[in-house]
$ cat final_22.txt   # compact mmCIF, N, CA and C atoms
# COMPACT_ATOMS: atom_id res chain seq x y z
N MET A 1 -8.18 8.03 11.11
CA MET A 1 -9.14 7.07 11.54
C MET A 1 -9.52 7.39 12.98
N VAL A 2 -10.79 7.34 13.28
CA VAL A 2 -11.28 7.63 14.63
C VAL A 2 -12.15 6.46 15.06
N GLY A 3 -11.95 6.00 16.29
CA GLY A 3 -12.73 4.87 16.77
C GLY A 3 -13.03 4.96 18.24
N LYS A 4 -14.03 4.21 18.66
CA LYS A 4 -14.43 4.15 20.07
C LYS A 4 -14.86 2.72 20.35
N LYS A 5 -14.48 2.22 21.53
CA LYS A 5 -14.85 0.86 21.91
C LYS A 5 -15.57 0.89 23.25
N TRP A 6 -16.69 0.18 23.33
CA TRP A 6 -17.45 0.00 24.55
C TRP A 6 -17.53 -1.50 24.79
N GLU A 7 -16.74 -2.00 25.72
CA GLU A 7 -16.66 -3.42 26.02
C GLU A 7 -16.42 -4.21 24.73
N SER A 8 -17.40 -4.96 24.23
CA SER A 8 -17.21 -5.79 23.03
C SER A 8 -17.64 -5.11 21.74
N LEU A 9 -18.21 -3.91 21.82
CA LEU A 9 -18.71 -3.21 20.64
C LEU A 9 -17.74 -2.09 20.26
N ALA A 10 -17.38 -2.05 18.98
CA ALA A 10 -16.45 -1.03 18.49
C ALA A 10 -17.05 -0.30 17.29
N PHE A 11 -16.77 0.98 17.20
CA PHE A 11 -17.25 1.84 16.11
C PHE A 11 -16.05 2.59 15.55
N THR A 12 -15.84 2.53 14.24
CA THR A 12 -14.70 3.19 13.61
C THR A 12 -15.17 3.98 12.39
N VAL A 13 -14.62 5.19 12.22
CA VAL A 13 -14.89 6.03 11.05
C VAL A 13 -13.55 6.43 10.45
N ASN A 14 -13.45 6.32 9.14
CA ASN A 14 -12.22 6.68 8.44
C ASN A 14 -12.57 7.62 7.28
N PRO A 15 -12.47 8.93 7.48
CA PRO A 15 -12.78 9.89 6.41
C PRO A 15 -11.58 10.01 5.46
N ALA A 16 -11.39 9.02 4.60
CA ALA A 16 -10.19 8.93 3.76
C ALA A 16 -10.22 9.87 2.56
N PHE A 17 -9.07 10.48 2.32
CA PHE A 17 -8.84 11.29 1.12
C PHE A 17 -7.77 10.56 0.32
N GLU A 18 -8.09 10.19 -0.92
CA GLU A 18 -7.17 9.37 -1.70
C GLU A 18 -6.88 10.00 -3.04
N ARG A 19 -5.69 9.69 -3.55
CA ARG A 19 -5.27 10.18 -4.86
C ARG A 19 -4.47 9.10 -5.54
N SER A 20 -4.77 8.83 -6.79
CA SER A 20 -4.01 7.85 -7.57
C SER A 20 -2.65 8.43 -7.92
N VAL A 21 -1.72 7.57 -8.16
CA VAL A 21 -0.38 8.00 -8.56
C VAL A 21 -0.42 8.39 -10.04
N GLY A 22 0.22 9.49 -10.37
CA GLY A 22 0.25 9.94 -11.77
C GLY A 22 0.04 11.43 -11.86
N ASP A 23 -0.39 11.88 -13.00
CA ASP A 23 -0.64 13.29 -13.28
C ASP A 23 -1.75 13.82 -12.37
N ALA A 24 -1.49 14.91 -11.65
CA ALA A 24 -2.47 15.48 -10.71
C ALA A 24 -3.77 15.87 -11.39
N ALA A 25 -3.71 16.37 -12.61
CA ALA A 25 -4.92 16.78 -13.33
C ALA A 25 -5.79 15.57 -13.66
N ALA A 26 -5.15 14.46 -13.99
CA ALA A 26 -5.89 13.25 -14.36
C ALA A 26 -6.39 12.48 -13.14
N HIS A 27 -5.75 12.70 -11.98
CA HIS A 27 -6.08 11.96 -10.76
C HIS A 27 -6.26 12.92 -9.59
N PRO A 28 -7.44 13.55 -9.48
CA PRO A 28 -7.65 14.49 -8.36
C PRO A 28 -7.81 13.75 -7.03
N VAL A 29 -7.71 14.49 -5.94
CA VAL A 29 -7.94 13.93 -4.62
C VAL A 29 -9.43 13.62 -4.49
N GLU A 30 -9.75 12.41 -4.05
CA GLU A 30 -11.15 11.99 -3.90
C GLU A 30 -11.46 11.70 -2.44
N PHE A 31 -12.72 11.91 -2.07
CA PHE A 31 -13.19 11.63 -0.72
C PHE A 31 -13.81 10.24 -0.71
N GLU A 32 -13.23 9.34 0.11
CA GLU A 32 -13.69 7.95 0.16
C GLU A 32 -13.91 7.53 1.62
N PRO A 33 -15.00 8.01 2.24
CA PRO A 33 -15.24 7.68 3.65
C PRO A 33 -15.58 6.21 3.85
N ARG A 34 -15.21 5.71 5.05
CA ARG A 34 -15.45 4.32 5.42
C ARG A 34 -15.90 4.25 6.87
N GLY A 35 -16.58 3.19 7.21
CA GLY A 35 -16.99 3.02 8.60
C GLY A 35 -17.16 1.55 8.93
N LYS A 36 -17.15 1.26 10.23
CA LYS A 36 -17.26 -0.14 10.68
C LYS A 36 -17.88 -0.19 12.07
N ILE A 37 -18.80 -1.11 12.24
CA ILE A 37 -19.36 -1.43 13.56
C ILE A 37 -19.05 -2.90 13.77
N ALA A 38 -18.38 -3.22 14.89
CA ALA A 38 -17.95 -4.60 15.12
C ALA A 38 -18.27 -5.05 16.53
N TYR A 39 -18.58 -6.33 16.65
CA TYR A 39 -18.78 -6.96 17.95
C TYR A 39 -17.68 -8.01 18.10
N THR A 40 -16.86 -7.87 19.13
CA THR A 40 -15.72 -8.75 19.35
C THR A 40 -16.10 -9.92 20.25
N PHE A 41 -15.64 -11.11 19.85
CA PHE A 41 -15.85 -12.32 20.65
C PHE A 41 -14.54 -12.67 21.34
N GLY A 42 -14.31 -12.13 22.51
CA GLY A 42 -13.07 -12.36 23.24
C GLY A 42 -11.87 -11.97 22.39
N ASN A 43 -10.85 -12.81 22.38
CA ASN A 43 -9.66 -12.56 21.57
C ASN A 43 -9.69 -13.38 20.28
N GLU A 44 -10.77 -14.08 20.04
CA GLU A 44 -10.86 -15.01 18.91
C GLU A 44 -11.19 -14.34 17.58
N GLY A 45 -11.92 -13.25 17.60
CA GLY A 45 -12.32 -12.61 16.35
C GLY A 45 -13.48 -11.66 16.55
N SER A 46 -14.13 -11.30 15.43
CA SER A 46 -15.24 -10.35 15.51
C SER A 46 -16.22 -10.54 14.37
N LEU A 47 -17.40 -9.98 14.55
CA LEU A 47 -18.46 -9.93 13.55
C LEU A 47 -18.71 -8.46 13.28
N ALA A 48 -18.69 -8.05 12.00
CA ALA A 48 -18.76 -6.61 11.71
C ALA A 48 -19.62 -6.31 10.49
N LEU A 49 -20.10 -5.08 10.46
CA LEU A 49 -20.77 -4.51 9.30
C LEU A 49 -19.87 -3.35 8.86
N GLU A 50 -19.38 -3.40 7.61
CA GLU A 50 -18.44 -2.41 7.11
C GLU A 50 -19.03 -1.67 5.92
N TYR A 51 -18.78 -0.37 5.86
CA TYR A 51 -19.28 0.48 4.78
C TYR A 51 -18.09 1.16 4.10
N TYR A 52 -18.07 1.13 2.77
CA TYR A 52 -17.03 1.80 1.97
C TYR A 52 -17.71 2.62 0.89
N SER A 53 -17.15 3.79 0.59
CA SER A 53 -17.74 4.60 -0.46
C SER A 53 -16.68 5.40 -1.20
N SER A 54 -17.05 5.88 -2.35
CA SER A 54 -16.23 6.79 -3.13
C SER A 54 -17.19 7.87 -3.64
N LEU A 55 -17.06 9.07 -3.08
CA LEU A 55 -18.00 10.14 -3.41
C LEU A 55 -17.53 11.00 -4.58
N GLY A 56 -16.24 10.90 -4.92
CA GLY A 56 -15.72 11.66 -6.05
C GLY A 56 -14.72 12.70 -5.60
N PRO A 57 -14.29 13.56 -6.54
CA PRO A 57 -13.27 14.58 -6.25
C PRO A 57 -13.72 15.55 -5.16
N THR A 58 -12.76 16.00 -4.35
CA THR A 58 -13.08 16.96 -3.30
C THR A 58 -13.50 18.31 -3.87
N SER A 59 -13.14 18.58 -5.11
CA SER A 59 -13.51 19.85 -5.74
C SER A 59 -14.99 19.89 -6.13
N GLY A 60 -15.63 18.76 -6.14
CA GLY A 60 -17.06 18.66 -6.47
C GLY A 60 -17.44 17.19 -6.55
N PHE A 61 -18.24 16.70 -5.62
CA PHE A 61 -18.59 15.29 -5.58
C PHE A 61 -19.30 14.86 -6.86
N ASP A 62 -19.16 13.58 -7.19
CA ASP A 62 -19.86 13.01 -8.34
C ASP A 62 -21.36 13.03 -8.08
N PRO A 63 -22.18 13.01 -9.15
CA PRO A 63 -23.63 12.85 -8.94
C PRO A 63 -23.89 11.52 -8.24
N ARG A 64 -24.96 11.44 -7.49
CA ARG A 64 -25.29 10.23 -6.72
C ARG A 64 -25.25 8.98 -7.61
N SER A 65 -25.67 9.08 -8.84
CA SER A 65 -25.70 7.93 -9.74
C SER A 65 -24.30 7.41 -10.08
N GLU A 66 -23.26 8.24 -9.88
CA GLU A 66 -21.89 7.83 -10.19
C GLU A 66 -21.07 7.51 -8.94
N GLN A 67 -21.64 7.76 -7.77
CA GLN A 67 -20.93 7.45 -6.52
C GLN A 67 -20.98 5.95 -6.27
N LYS A 68 -19.99 5.47 -5.52
CA LYS A 68 -19.94 4.05 -5.17
C LYS A 68 -20.15 3.90 -3.67
N HIS A 69 -21.11 3.06 -3.31
CA HIS A 69 -21.40 2.76 -1.91
C HIS A 69 -21.51 1.25 -1.78
N GLN A 70 -20.76 0.67 -0.84
CA GLN A 70 -20.75 -0.78 -0.67
C GLN A 70 -20.87 -1.14 0.80
N LEU A 71 -21.53 -2.25 1.07
CA LEU A 71 -21.74 -2.75 2.43
C LEU A 71 -21.21 -4.18 2.51
N PHE A 72 -20.43 -4.47 3.54
CA PHE A 72 -19.83 -5.78 3.73
C PHE A 72 -20.23 -6.34 5.08
N SER A 73 -20.46 -7.65 5.13
CA SER A 73 -20.66 -8.34 6.42
C SER A 73 -19.41 -9.17 6.63
N ALA A 74 -18.68 -8.87 7.69
CA ALA A 74 -17.37 -9.49 7.89
C ALA A 74 -17.31 -10.32 9.16
N VAL A 75 -16.73 -11.49 9.03
CA VAL A 75 -16.36 -12.30 10.18
C VAL A 75 -14.84 -12.36 10.15
N GLN A 76 -14.22 -11.80 11.16
CA GLN A 76 -12.76 -11.79 11.25
C GLN A 76 -12.34 -12.81 12.30
N LYS A 77 -11.41 -13.66 11.95
CA LYS A 77 -10.99 -14.75 12.83
C LYS A 77 -9.51 -14.66 13.14
N GLN A 78 -9.16 -14.84 14.40
CA GLN A 78 -7.75 -14.89 14.80
C GLN A 78 -7.21 -16.24 14.35
N ILE A 79 -6.12 -16.22 13.54
CA ILE A 79 -5.55 -17.47 13.04
C ILE A 79 -4.25 -17.85 13.75
N SER A 80 -3.65 -16.91 14.45
CA SER A 80 -2.51 -17.19 15.33
C SER A 80 -2.40 -16.02 16.30
N THR A 81 -1.34 -15.94 17.05
CA THR A 81 -1.22 -14.95 18.12
C THR A 81 -1.59 -13.53 17.70
N ASN A 82 -1.01 -12.98 16.64
CA ASN A 82 -1.29 -11.61 16.21
C ASN A 82 -1.86 -11.52 14.81
N TRP A 83 -2.15 -12.64 14.17
CA TRP A 83 -2.64 -12.64 12.79
C TRP A 83 -4.15 -12.87 12.75
N TYR A 84 -4.83 -12.08 11.91
CA TYR A 84 -6.27 -12.17 11.74
C TYR A 84 -6.60 -12.26 10.26
N LEU A 85 -7.65 -13.02 9.92
CA LEU A 85 -8.08 -13.20 8.55
C LEU A 85 -9.56 -12.91 8.43
N ALA A 86 -9.94 -12.19 7.38
CA ALA A 86 -11.35 -11.94 7.08
C ALA A 86 -11.56 -12.07 5.57
N VAL A 87 -12.69 -12.65 5.19
CA VAL A 87 -13.07 -12.77 3.78
C VAL A 87 -14.54 -12.34 3.69
N PRO A 88 -14.79 -11.03 3.80
CA PRO A 88 -16.18 -10.56 3.84
C PRO A 88 -16.82 -10.43 2.45
N PRO A 89 -18.04 -10.95 2.31
CA PRO A 89 -18.80 -10.69 1.08
C PRO A 89 -19.42 -9.30 1.16
N GLY A 90 -19.50 -8.63 0.01
CA GLY A 90 -20.05 -7.28 -0.02
C GLY A 90 -21.06 -7.12 -1.13
N ARG A 91 -21.81 -6.05 -1.02
CA ARG A 91 -22.87 -5.75 -2.00
C ARG A 91 -22.84 -4.27 -2.32
N GLY A 92 -22.87 -3.96 -3.61
CA GLY A 92 -22.95 -2.57 -4.04
C GLY A 92 -24.34 -2.02 -3.80
N LEU A 93 -24.43 -0.79 -3.33
CA LEU A 93 -25.72 -0.17 -3.02
C LEU A 93 -26.17 0.82 -4.09
N THR A 94 -25.29 1.14 -5.05
CA THR A 94 -25.62 2.07 -6.13
C THR A 94 -25.34 1.41 -7.47
N ALA A 95 -25.91 1.97 -8.54
CA ALA A 95 -25.77 1.40 -9.88
C ALA A 95 -24.32 1.35 -10.36
N SER A 96 -23.49 2.30 -9.94
CA SER A 96 -22.10 2.32 -10.39
C SER A 96 -21.17 1.45 -9.54
N SER A 97 -21.69 0.89 -8.44
CA SER A 97 -20.90 -0.02 -7.59
C SER A 97 -20.93 -1.43 -8.18
N ASP A 98 -19.91 -2.21 -7.84
CA ASP A 98 -19.95 -3.63 -8.19
C ASP A 98 -21.10 -4.27 -7.43
N ARG A 99 -21.87 -5.11 -8.09
CA ARG A 99 -23.03 -5.73 -7.45
C ARG A 99 -22.62 -6.66 -6.31
N ALA A 100 -21.64 -7.53 -6.57
CA ALA A 100 -21.19 -8.46 -5.56
C ALA A 100 -19.66 -8.42 -5.49
N VAL A 101 -19.13 -8.41 -4.28
CA VAL A 101 -17.68 -8.32 -4.07
C VAL A 101 -17.30 -9.30 -2.96
N LEU A 102 -16.15 -9.95 -3.13
CA LEU A 102 -15.59 -10.76 -2.07
C LEU A 102 -14.22 -10.19 -1.77
N ALA A 103 -14.08 -9.58 -0.60
CA ALA A 103 -12.82 -8.95 -0.20
C ALA A 103 -12.00 -9.93 0.63
N THR A 104 -10.72 -9.68 0.73
CA THR A 104 -9.86 -10.45 1.62
C THR A 104 -9.02 -9.48 2.43
N ARG A 105 -8.77 -9.86 3.68
CA ARG A 105 -7.98 -8.99 4.54
C ARG A 105 -7.16 -9.87 5.49
N LEU A 106 -5.86 -9.66 5.49
CA LEU A 106 -4.96 -10.32 6.41
C LEU A 106 -4.30 -9.24 7.26
N GLU A 107 -4.47 -9.30 8.57
CA GLU A 107 -3.96 -8.26 9.47
C GLU A 107 -2.98 -8.83 10.47
N TYR A 108 -1.98 -8.02 10.78
CA TYR A 108 -1.05 -8.32 11.86
C TYR A 108 -1.18 -7.21 12.89
N ARG A 109 -1.51 -7.57 14.10
CA ARG A 109 -1.71 -6.57 15.16
C ARG A 109 -0.45 -6.44 16.00
N ILE A 110 -0.03 -5.20 16.16
CA ILE A 110 1.13 -4.89 16.98
C ILE A 110 0.62 -4.45 18.35
N HIS A 111 1.00 -5.16 19.38
CA HIS A 111 0.58 -4.81 20.74
C HIS A 111 1.62 -3.94 21.39
N HIS A 112 1.17 -2.93 22.11
CA HIS A 112 2.10 -2.00 22.76
C HIS A 112 2.52 -2.51 24.11

$ encode --input "final_22.txt" --output "structure tokens"
Amino acid sequence: MVGKKWESLAFTVNPAFERSVGDAAAHPVEFEPRGKIAYTFGNEGSLALEYYSSLGPTSGFDPRSEQKHQLFSAVQKQISTNWYLAVPPGRGLTASSDRAVLATRLEYRIHH
């Protein structure tokens, strides 16, 4: 994961390579890049636009019609000292993506 922050604006890219558990032939390594642009409101939370995709096996990407691309609008709220909660609604951008998605995310931040 690579990220950069300029005051209240943050940009993150995660060029993820994923593989399901099981037989290697049945579950090849897939390229699933992600990205996020967020605006932070002090220590209280943030407003973000998040992108998730699944392009297919690294040996040869799926045709565009079979790729999954999704966009989420997220409001993340600090619920206690180090705990954050987000319930972003999302929308599939391709025919093979889910049309509507509601994700949930609970994060614990470790401060150095």

$ residues_near_point --input "final_22.txt" --point "(-12.0, 14.4, 0.2)" --cutoff "6 Å" --atoms "all atoms listed in the file" --output "list in words"
Ala16, Phe17, Glu18, Val29, Glu30, Phe31, Glu32, Pro57 and Thr58 of chain A

$ atom_distance --input "final_22.txt" --atom1 "CA of Pro89 in chain A" --atom2 "CA of Asn43 in chain A"
22.5 Å

$ closest_residue --input "final_22.txt" --among "A:Phe41, A:Gly3, A:Ala95, A:Ile110" --to "Arg64 in chain A" --atoms "all atoms listed in the file"
A:Ala95

$ atom_distance --input "final_22.txt" --atom1 "atom C of Ala10 in chain A" --atom2 "CA of Phe61 in chain A"
27.7 Å

$ closest_residue --input "final_22.txt" --among "A:Ile37, A:Ala26, A:Leu93, A:Leu47" --to "Val75 in chain A" --atoms "all atoms listed in the file"
A:Leu47

$ closest_residue --input "final_22.txt" --among "A:Gly45, A:Gly35, A:Pro63, A:Gly22" --to "Ala86 in chain A" --atoms "only C-alpha atoms"
A:Gly45

$ closest_residue --input "final_22.txt" --among "A:Ser8, A:Ser73, A:Ser59, A:Ser65" --to "Val87 in chain A" --atoms "only N, CA and C atoms"
A:Ser73

$ atom_distance --input "final_22.txt" --atom1 "CA of Tyr84 in chain A" --atom2 "CA of Thr104 in chain A"
10.9 Å

$ select_by_dssp --input "final_22.txt" --residues "chain A" --states "strand (DSSP E)" --output "number ranges by chain"
A: 2-6, 9-18, 30-41, 45-54, 56-57, 68-78, 83-86, 89-92, 100-102, 105-108

$ closest_residue --input "final_22.txt" --among "A:Thr94, A:Ser46, A:Gly60, A:Ala103" --to "Gln76 in chain A" --atoms "all atoms listed in the file"
A:Ser46

$ residues_near_point --input "final_22.txt" --point "(-5.2, 6.8, -8.8)" --cutoff "5 Å" --atoms "all atoms listed in the file" --output "ChimeraX atom specification"
/A:19-21

$ write_last_selection --input "final_22.txt" --atoms "N, CA and C atoms" --output "PDB file, in the frame of the given file"
ATOM      1  N   ARG A  19      -5.690   9.690  -3.550  1.00  0.00           N
ATOM      2  CA  ARG A  19      -5.270  10.180  -4.860  1.00  0.00           C
ATOM      3  C   ARG A  19      -4.470   9.100  -5.540  1.00  0.00           C
ATOM      4  N   SER A  20      -4.770   8.830  -6.790  1.00  0.00           N
ATOM      5  CA  SER A  20      -4.010   7.850  -7.570  1.00  0.00           C
ATOM      6  C   SER A  20      -2.650   8.430  -7.920  1.00  0.00           C
ATOM      7  N   VAL A  21      -1.720   7.570  -8.160  1.00  0.00           N
ATOM      8  CA  VAL A  21      -0.380   8.000  -8.560  1.00  0.00           C
ATOM      9  C   VAL A  21      -0.420   8.390 -10.040  1.00  0.00           C
TER      10      VAL A  21
END

$ closest_residue --input "final_22.txt" --among "A:Gly90, A:Pro33, A:Gly42, A:Pro28" --to "Val2 in chain A" --atoms "only C-alpha atoms"
A:Pro33
